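Asks: I am attaching a structure below and will ask some questions about it afterwards.
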Amino acid sequence: MSILEVKSVTKSFGGLKALSDVTFDVKQGELLGLIGPNGSGKTTLFNVITGYYRPEKGSIWFNGENIVGLKPFQIAKKGIARTFQIVKPLSSLSVFDNVLTASLLRASNMRSARERASEILKYVGLSEKREAKPSELTIADRRKLEVARALAIEPRLLLLDETLAGLLPSEIDLTLKLIKSIQADGITIIMVEHVMRAIMSACERVIVLDHGEIIAKGSPVEIAKDKKVIAAYLGAEYQLA
Amino acid sequence: MKRRIPLAFKKPKRLNIFLLIAVILCLVPELGVGTYVLRILILSLVFLIATMAWCLISGYTGQINLAPTMFFGLGAYSSALVARHLGLSPWLGLLIGPLLASSFALVIGFPLFRLHGAYFALATLAVGEILYYVMVNEVWFSGGTVGLQVPFSPKILFIDFNNIYFQYYFILVLAFLSTYILYRIAMSRLGYYFMAIRDDEDTAMSMGINVFKYKEVAFCVSGFFTGLAGAFYSNFLLYVEPSLAFGITPALTVVIMGILGGADTILGAWISAPLLTFIMEGLRLVFGAAGAYDLFTLGVLIILIILLLPRGLIRLVTAAKI
């Protein structure tokens, strides 16, 4: 069963087609990889799904409901959470208060929001830094805070935008473990990633975007062999060699 | 369970500082300070309420309102007009002033909150200026630059509003009530939404926060209390004119008091509002108003404090967000 269906979505900025006729679906409970060279439209796609951009054409169905035209906060309430590629914490609030503010969406009172925020910080491994300011965190911890904040709105679908970028190999393994355990808890995930090792090991299915179009879909192994994908990343002449 | 209780209320010592200020303020009239000092204290409490209300929209929610006088002036004029035409001064005016200011906030928020950052701030300044010139030019109801006299109110329910001791205690109670309500709002779910909007609107939206709606809420609450301060002001002075109510000087006084005390706090104004009022009044007393030495010194003070204590005087007492 599909939790999300993206149908013929087109989004342009002036003359530039950032997304053209993008169609795919995400199955309930899966961890879908979304890859593509820089500027291929991955983050734009996230912004369109979460309502930050409105597409010119196409529809996006979440749990059987067309969510095109809804505002970002309404889409968040429906159950789609996201992280930002360039982390966007609430910079004057502590780590705990960041997560607490997000927890308020589903909590009936402050006390239950506090409890929920504590649980989530423990889950992502930030309990010890709860009183720290986001600017005092390492890059890996800032990414974890993004994930914690997204989890706090109790999403059914989680969009992770380059959560692993810039991390050390040991940090990548830890964060990947976290992502897989989120999936195991029943949350469907789409992850945009450049770290191919992570995509290969974590995702059952991968979608490749290039110049705003989907050029390949399939298992990681199929994708790695796909001629169009290799051309997009390395240039067409590379295949001849 | 560790909670976000501000340090000032966790540590008895710091709570005592605020209790001490409150007790001193309650006892001031008993100390035989004379009506001149009482009048200045009353003025500083009026500005205190307006400043706390400003901090809610500008310090907490991050929407810099450069003309809090739009609410202050509406409160002042509407209560003066009510007193002139309906004769129920000042009680009805003290109710209508804040409600009108708050409704105005709701309506003007629709166009204003389409703007962000510096553009929003400039637009608030423009709204303040428009209201100022409306009052200057629409002489038939505002009295123009000559202003409006507020009729001397009769005793109602055995209370003589023109008794300065009554006025002092009345504004003191209003100040305590406003502080309590604004403080509770700032510490509640709403306070977190406001701070989220201030820090990052995209992130706030991703948390399911309706950014426009909660900006409006903050603006309306801010308008209500600023309007209350204005309504009291004209009934206290028994007079109102455009530059007192809508002028740039009262507008910037509120903004500067807010920044000076600590814009992202509610209680900071308790330090900055009395301090600035007394400093400016003292300078006028010594040098006279003509040379504008008070405004000059104000400028120098602002530069010093922004350089030395950019997050406000309240940080001398506590590091917490209060």
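Each chain in the structure tokens gets a letter, A, B and so on, in the order shown; residues start at 1 in every chain, and ligands are counted from 1 in the order they appear.
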Neighbours of Ile64 (chain B) within 12 Å (only C-alpha atoms; same-chain residues fewer than 5 positions away dropped), as a PDB file with C-alpha atoms, in the first residue's frame?
Replies:
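Saved result, around08.pdb, follows:
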```pdb
ATOM      1  CA  TRP B  54       6.113  45.369  23.100  1.00  0.00           C
ATOM      2  CA  CYS B  55       8.496  42.652  24.300  1.00  0.00           C
ATOM      3  CA  LEU B  56       5.853  40.006  23.604  1.00  0.00           C
ATOM      4  CA  ILE B  57       5.513  40.806  19.899  1.00  0.00           C
ATOM      5  CA  SER B  58       9.038  42.071  19.233  1.00  0.00           C
ATOM      6  CA  GLY B  59      11.287  40.257  21.714  1.00  0.00           C
ATOM      7  CA  LEU B 112       1.569  43.815   7.943  1.00  0.00           C
ATOM      8  CA  PHE B 113       2.380  40.136   8.414  1.00  0.00           C
ATOM      9  CA  LEU B 115       6.036  41.519   5.290  1.00  0.00           C
ATOM     10  CA  HIS B 116       9.110  40.170   7.015  1.00  0.00           C
ATOM     11  CA  GLY B 117      12.050  41.494   8.996  1.00  0.00           C
ATOM     12  CA  ALA B 118      13.054  45.084   8.314  1.00  0.00           C
ATOM     13  CA  TYR B 119      10.141  45.568   5.897  1.00  0.00           C
ATOM     14  CA  PHE B 120       7.669  44.679   8.620  1.00  0.00           C
ATOM     15  CA  ALA B 121       9.397  47.086  11.007  1.00  0.00           C
ATOM     16  CA  LEU B 122       9.276  49.930   8.483  1.00  0.00           C
ATOM     17  CA  ALA B 123       5.624  49.256   7.729  1.00  0.00           C
ATOM     18  CA  THR B 124       4.731  49.514  11.437  1.00  0.00           C
ATOM     19  CA  LEU B 125       6.474  52.881  11.496  1.00  0.00           C
ATOM     20  CA  ARG B 198      11.191  34.364  16.030  1.00  0.00           C
ATOM     21  CA  LYS B 215       1.874  36.307  14.970  1.00  0.00           C
ATOM     22  CA  ALA B 218       0.952  37.952  19.809  1.00  0.00           C
ATOM     23  CA  PHE B 219       0.104  41.218  18.039  1.00  0.00           C
ATOM     24  CA  SER B 222       0.460  43.228  22.641  1.00  0.00           C
ATOM     25  CA  LEU B 252      11.036  54.967  20.522  1.00  0.00           C
ATOM     26  CA  VAL B 254       8.984  52.030  24.479  1.00  0.00           C
ATOM     27  CA  VAL B 255      11.287  50.316  21.987  1.00  0.00           C
ATOM     28  CA  ILE B 256      14.399  51.500  23.842  1.00  0.00           C
ATOM     29  CA  GLY B 258      12.313  47.053  25.776  1.00  0.00           C
ATOM     30  CA  ILE B 259      15.820  46.590  24.409  1.00  0.00           C
ATOM     31  CA  ALA B 263      13.629  42.365  24.769  1.00  0.00           C
ATOM     32  CA  ASP B 264      13.248  38.589  25.065  1.00  0.00           C
TER      33      ASP B 264
END
```
Asks: May I have the residues of chain A within 9 Å of chain B, counting only C-alpha atoms, written as a VMD selection string?
Replies: chain A and resid 50 52 71 to 78 80 to 84 88 to 93 97 to 98 100 to 105 109 to 111 114 to 115 149 to 150 152 to 153
Asks: Could you turn the residues from that selection into a file that holds C-alpha atoms, as a PDB file, in the first residue's frame?
Replies:
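The resulting part-v8.pdb:
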```
ATOM      1  CA  THR A  50       5.997  19.490   2.501  1.00  0.00           C
ATOM      2  CA  TYR A  52       7.025  25.037   1.111  1.00  0.00           C
ATOM      3  CA  LYS A  71       0.366  25.037   3.961  1.00  0.00           C
ATOM      4  CA  PRO A  72       3.524  23.505   5.476  1.00  0.00           C
ATOM      5  CA  PHE A  73       2.061  23.569   8.988  1.00  0.00           C
ATOM      6  CA  GLN A  74      -1.062  21.752   7.787  1.00  0.00           C
ATOM      7  CA  ILE A  75       1.052  19.091   6.093  1.00  0.00           C
ATOM      8  CA  ALA A  76       3.076  18.714   9.293  1.00  0.00           C
ATOM      9  CA  LYS A  77      -0.188  18.140  11.172  1.00  0.00           C
ATOM     10  CA  LYS A  78      -1.201  15.483   8.625  1.00  0.00           C
ATOM     11  CA  ILE A  80       4.794  14.473   7.245  1.00  0.00           C
ATOM     12  CA  ALA A  81       7.946  15.633   9.013  1.00  0.00           C
ATOM     13  CA  ARG A  82      11.153  16.831   7.456  1.00  0.00           C
ATOM     14  CA  THR A  83      14.695  17.788   8.302  1.00  0.00           C
ATOM     15  CA  PHE A  84      16.531  20.603   6.581  1.00  0.00           C
ATOM     16  CA  LYS A  88      17.608  25.009  11.006  1.00  0.00           C
ATOM     17  CA  PRO A  89      17.407  24.726  14.783  1.00  0.00           C
ATOM     18  CA  LEU A  90      15.606  27.268  16.950  1.00  0.00           C
ATOM     19  CA  SER A  91      18.913  28.875  17.754  1.00  0.00           C
ATOM     20  CA  SER A  92      18.070  30.717  20.971  1.00  0.00           C
ATOM     21  CA  LEU A  93      16.415  27.694  22.585  1.00  0.00           C
ATOM     22  CA  ASP A  97      13.249  23.261  24.225  1.00  0.00           C
ATOM     23  CA  ASN A  98      13.697  22.718  20.487  1.00  0.00           C
ATOM     24  CA  LEU A 100       9.666  20.358  23.352  1.00  0.00           C
ATOM     25  CA  THR A 101       8.284  23.003  20.983  1.00  0.00           C
ATOM     26  CA  ALA A 102       7.785  20.371  18.296  1.00  0.00           C
ATOM     27  CA  SER A 103       6.242  17.943  20.802  1.00  0.00           C
ATOM     28  CA  LEU A 104       3.539  20.496  21.611  1.00  0.00           C
ATOM     29  CA  LEU A 105       1.838  19.686  18.289  1.00  0.00           C
ATOM     30  CA  ASN A 109      -0.430  19.796  27.912  1.00  0.00           C
ATOM     31  CA  MET A 110       3.072  20.983  28.736  1.00  0.00           C
ATOM     32  CA  ARG A 111       3.824  18.074  31.012  1.00  0.00           C
ATOM     33  CA  ARG A 114       8.099  17.510  28.250  1.00  0.00           C
ATOM     34  CA  GLU A 115       7.922  13.777  28.799  1.00  0.00           C
ATOM     35  CA  ARG A 149      12.590  17.632  16.162  1.00  0.00           C
ATOM     36  CA  ALA A 150      11.042  15.902  13.176  1.00  0.00           C
ATOM     37  CA  ALA A 152       8.609  14.960  17.938  1.00  0.00           C
ATOM     38  CA  ILE A 153       5.641  15.789  15.703  1.00  0.00           C
TER      39      ILE A 153
END
```
Asks: What's the separation between CA of Pro98 (chain B) and CA of Phe176 (chain B), in Å to one decimal place?
Replies: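 Taking CA of Pro98 (chain B) as the start and CA of Phe176 (chain B) as the end point, the length is 16.6 Å.
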Asks: Counting only C-alpha atoms, which residue out of B:Gly230, B:Ile314, B:Ile306, B:Leu94 sits closest to Ala251 (chain B)?
Replies: B:Gly230
Asks: Just give me the gap between CA of Leu86 (chain B) and CA of Ile171 (chain B) in Å, one decimal is fine.
Replies: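 Separation between CA of Leu86 (chain B) and CA of Ile171 (chain B): 22.9 Å.
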Asks: Can you pull out every residue within 7 Å of Leu31 (chain A), counting only C-alpha atoms, but drop anything in the same chain fewer than 3 positions away, and send it as a PDB file with N, CA and C atoms, in the first residue's frame?
Replies:
```pdb
ATOM      1  N   GLN A 183      12.748   3.423  11.111  1.00  0.00           N
ATOM      2  CA  GLN A 183      11.966   2.653  10.142  1.00  0.00           C
ATOM      3  C   GLN A 183      11.333   1.433  10.815  1.00  0.00           C
ATOM      4  N   THR A 188       7.607   5.548   7.807  1.00  0.00           N
ATOM      5  CA  THR A 188       8.099   5.492   6.434  1.00  0.00           C
ATOM      6  C   THR A 188       9.099   6.636   6.229  1.00  0.00           C
ATOM      7  N   ILE A 189      10.179   6.339   5.491  1.00  0.00           N
ATOM      8  CA  ILE A 189      11.241   7.355   5.358  1.00  0.00           C
ATOM      9  C   ILE A 189      11.644   7.532   3.892  1.00  0.00           C
ATOM     10  N   ILE A 190      11.804   8.781   3.498  1.00  0.00           N
ATOM     11  CA  ILE A 190      12.502   9.065   2.240  1.00  0.00           C
ATOM     12  C   ILE A 190      13.789   9.769   2.625  1.00  0.00           C
ATOM     13  N   CYS A 203      18.727   1.160   1.911  1.00  0.00           N
ATOM     14  CA  CYS A 203      17.467   1.299   1.166  1.00  0.00           C
ATOM     15  C   CYS A 203      17.153   0.051   0.363  1.00  0.00           C
ATOM     16  N   GLU A 204      15.854  -0.257   0.294  1.00  0.00           N
ATOM     17  CA  GLU A 204      15.445  -1.363  -0.576  1.00  0.00           C
ATOM     18  C   GLU A 204      15.268  -0.836  -1.998  1.00  0.00           C
TER      19      GLU A 204
END
```
Asks: What does the structure give for the distance between CA of Arg142 (chain A) and CA of Ala202 (chain A), in Å to one decimal?
Replies: 21.5 Å
Asks: Going by DSSP on the backbone, which residues of region 1-157 of chain A come out as strand (DSSP E)? List them as a PyMOL selection string.
Replies: chain A and resi 2-13+16-27+31-35+57-62+65-66+80-82+157
Asks: Extract, using only C-alpha atoms, all DNA, RNA and protein residues at most 6 Å from region 8-24 of chain A, discarding same-chain residues fewer than 2 positions from it, and format them as a ChimeraX atom specification.
Replies: /A:6,41,55-58,212-213
Asks: If DSSP is run on the backbone, what residues of region 52-214 of chain B are alpha helix (DSSP H)? A reply as JSON, numbers by chain would be ideal.
Replies: {"B": [52, 53, 54, 69, 70, 71, 72, 73, 74, 75, 76, 77, 78, 79, 80, 81, 82, 83, 84, 85, 86, 91, 92, 93, 94, 95, 96, 97, 98, 99, 100, 101, 102, 103, 104, 105, 106, 107, 108, 109, 110, 111, 112, 117, 118, 119, 120, 121, 122, 123, 124, 125, 126, 127, 128, 129, 130, 131, 132, 133, 134, 135, 136, 137, 139, 140, 141, 142, 164, 165, 166, 167, 168, 169, 170, 171, 172, 173, 174, 175, 176, 177, 178, 179, 180, 181, 182, 183, 184, 185, 186, 187, 189, 190, 191, 192, 193, 194, 195, 196, 197, 198, 199, 201, 202, 203, 204, 205, 206, 211, 212, 213, 214]}
Asks: Pick the closest to Arg143 (chain A) from A:Met1, A:Ala117, A:Met191, A:Ile86: which is it, counting only C-alpha atoms?
Replies: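 Answer, going by the shortest atom-to-atom distance: A:Ile86.
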Asks: Write out as a list in words the residues lying within 10 Å of Ser219 (chain A), counting only C-alpha atoms and excluding same-chain residues fewer than 6 positions away.
Replies: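 The contact residues come out as Leu32, Gly33, Met200, Cys203, Glu204, Arg205, Val206 and Ile207 of chain A.
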Asks: Counting only C-alpha atoms, what is within 12 Å of Leu99 (chain B), bar same-chain residues fewer than 6 positions away, as a ChimeraX atom specification?
Replies: /B:71-72,74-76,78-79,92-93,105-106,220-231
Asks: Write out the residues from the selection above, keeping N, CA and C atoms, as an mmCIF file, in the first residue's frame.
Replies:
```
data_model
loop_
_atom_site.group_PDB
_atom_site.id
_atom_site.type_symbol
_atom_site.label_atom_id
_atom_site.label_comp_id
_atom_site.auth_asym_id
_atom_site.auth_seq_id
_atom_site.Cartn_x
_atom_site.Cartn_y
_atom_site.Cartn_z
ATOM 1 N N PHE B 71 -1.006 51.449 19.031
ATOM 2 C CA PHE B 71 -1.949 50.918 20.019
ATOM 3 C C PHE B 71 -2.102 51.864 21.207
ATOM 4 N N PHE B 72 -0.981 52.417 21.624
ATOM 5 C CA PHE B 72 -0.958 53.345 22.748
ATOM 6 C C PHE B 72 -1.869 54.540 22.439
ATOM 7 N N LEU B 74 -4.240 54.791 20.077
ATOM 8 C CA LEU B 74 -5.650 54.419 19.911
ATOM 9 C C LEU B 74 -6.317 54.258 21.273
ATOM 10 N N GLY B 75 -5.587 53.657 22.215
ATOM 11 C CA GLY B 75 -6.119 53.513 23.568
ATOM 12 C C GLY B 75 -6.357 54.873 24.202
ATOM 13 N N ALA B 76 -5.367 55.774 24.026
ATOM 14 C CA ALA B 76 -5.448 57.098 24.643
ATOM 15 C C ALA B 76 -6.594 57.906 24.042
ATOM 16 N N SER B 78 -9.223 56.824 22.147
ATOM 17 C CA SER B 78 -10.576 56.273 22.256
ATOM 18 C C SER B 78 -11.120 56.487 23.661
ATOM 19 N N SER B 79 -10.267 56.346 24.684
ATOM 20 C CA SER B 79 -10.794 56.542 26.038
ATOM 21 C C SER B 79 -11.095 58.021 26.288
ATOM 22 N N LEU B 92 -15.159 53.200 31.400
ATOM 23 C CA LEU B 92 -15.502 52.628 30.101
ATOM 24 C C LEU B 92 -14.318 52.742 29.142
ATOM 25 N N GLY B 93 -13.630 53.899 29.216
ATOM 26 C CA GLY B 93 -12.481 54.119 28.349
ATOM 27 C C GLY B 93 -11.380 53.101 28.586
ATOM 28 N N ALA B 105 -5.071 45.793 15.933
ATOM 29 C CA ALA B 105 -3.933 44.888 15.715
ATOM 30 C C ALA B 105 -4.352 43.727 14.816
ATOM 31 N N LEU B 106 -5.523 43.180 15.093
ATOM 32 C CA LEU B 106 -6.007 42.040 14.310
ATOM 33 C C LEU B 106 -6.141 42.419 12.840
ATOM 34 N N CYS B 220 -2.189 40.918 18.810
ATOM 35 C CA CYS B 220 -3.429 41.335 19.470
ATOM 36 C C CYS B 220 -3.234 41.475 20.979
ATOM 37 N N VAL B 221 -2.527 40.525 21.583
ATOM 38 C CA VAL B 221 -2.276 40.616 23.021
ATOM 39 C C VAL B 221 -1.431 41.851 23.315
ATOM 40 N N SER B 222 -0.395 42.058 22.484
ATOM 41 C CA SER B 222 0.460 43.228 22.641
ATOM 42 C C SER B 222 -0.361 44.503 22.495
ATOM 43 N N GLY B 223 -1.246 44.518 21.494
ATOM 44 C CA GLY B 223 -2.103 45.677 21.268
ATOM 45 C C GLY B 223 -3.015 45.944 22.447
ATOM 46 N N PHE B 224 -3.548 44.872 23.034
ATOM 47 C CA PHE B 224 -4.464 45.027 24.165
ATOM 48 C C PHE B 224 -3.783 45.755 25.326
ATOM 49 N N PHE B 225 -2.610 45.266 25.721
ATOM 50 C CA PHE B 225 -1.961 45.849 26.904
ATOM 51 C C PHE B 225 -1.375 47.231 26.613
ATOM 52 N N THR B 226 -0.885 47.419 25.364
ATOM 53 C CA THR B 226 -0.402 48.758 25.018
ATOM 54 C C THR B 226 -1.573 49.742 25.009
ATOM 55 N N GLY B 227 -2.717 49.298 24.508
ATOM 56 C CA GLY B 227 -3.916 50.130 24.498
ATOM 57 C C GLY B 227 -4.379 50.458 25.914
ATOM 58 N N LEU B 228 -4.225 49.490 26.803
ATOM 59 C CA LEU B 228 -4.582 49.713 28.210
ATOM 60 C C LEU B 228 -3.709 50.819 28.805
ATOM 61 N N ALA B 229 -2.404 50.748 28.520
ATOM 62 C CA ALA B 229 -1.485 51.777 29.013
ATOM 63 C C ALA B 229 -1.882 53.145 28.468
ATOM 64 N N GLY B 230 -2.218 53.176 27.165
ATOM 65 C CA GLY B 230 -2.612 54.437 26.541
ATOM 66 C C GLY B 230 -3.902 54.990 27.124
ATOM 67 N N ALA B 231 -4.871 54.115 27.376
ATOM 68 C CA ALA B 231 -6.159 54.546 27.918
ATOM 69 C C ALA B 231 -5.975 55.156 29.302
#
```
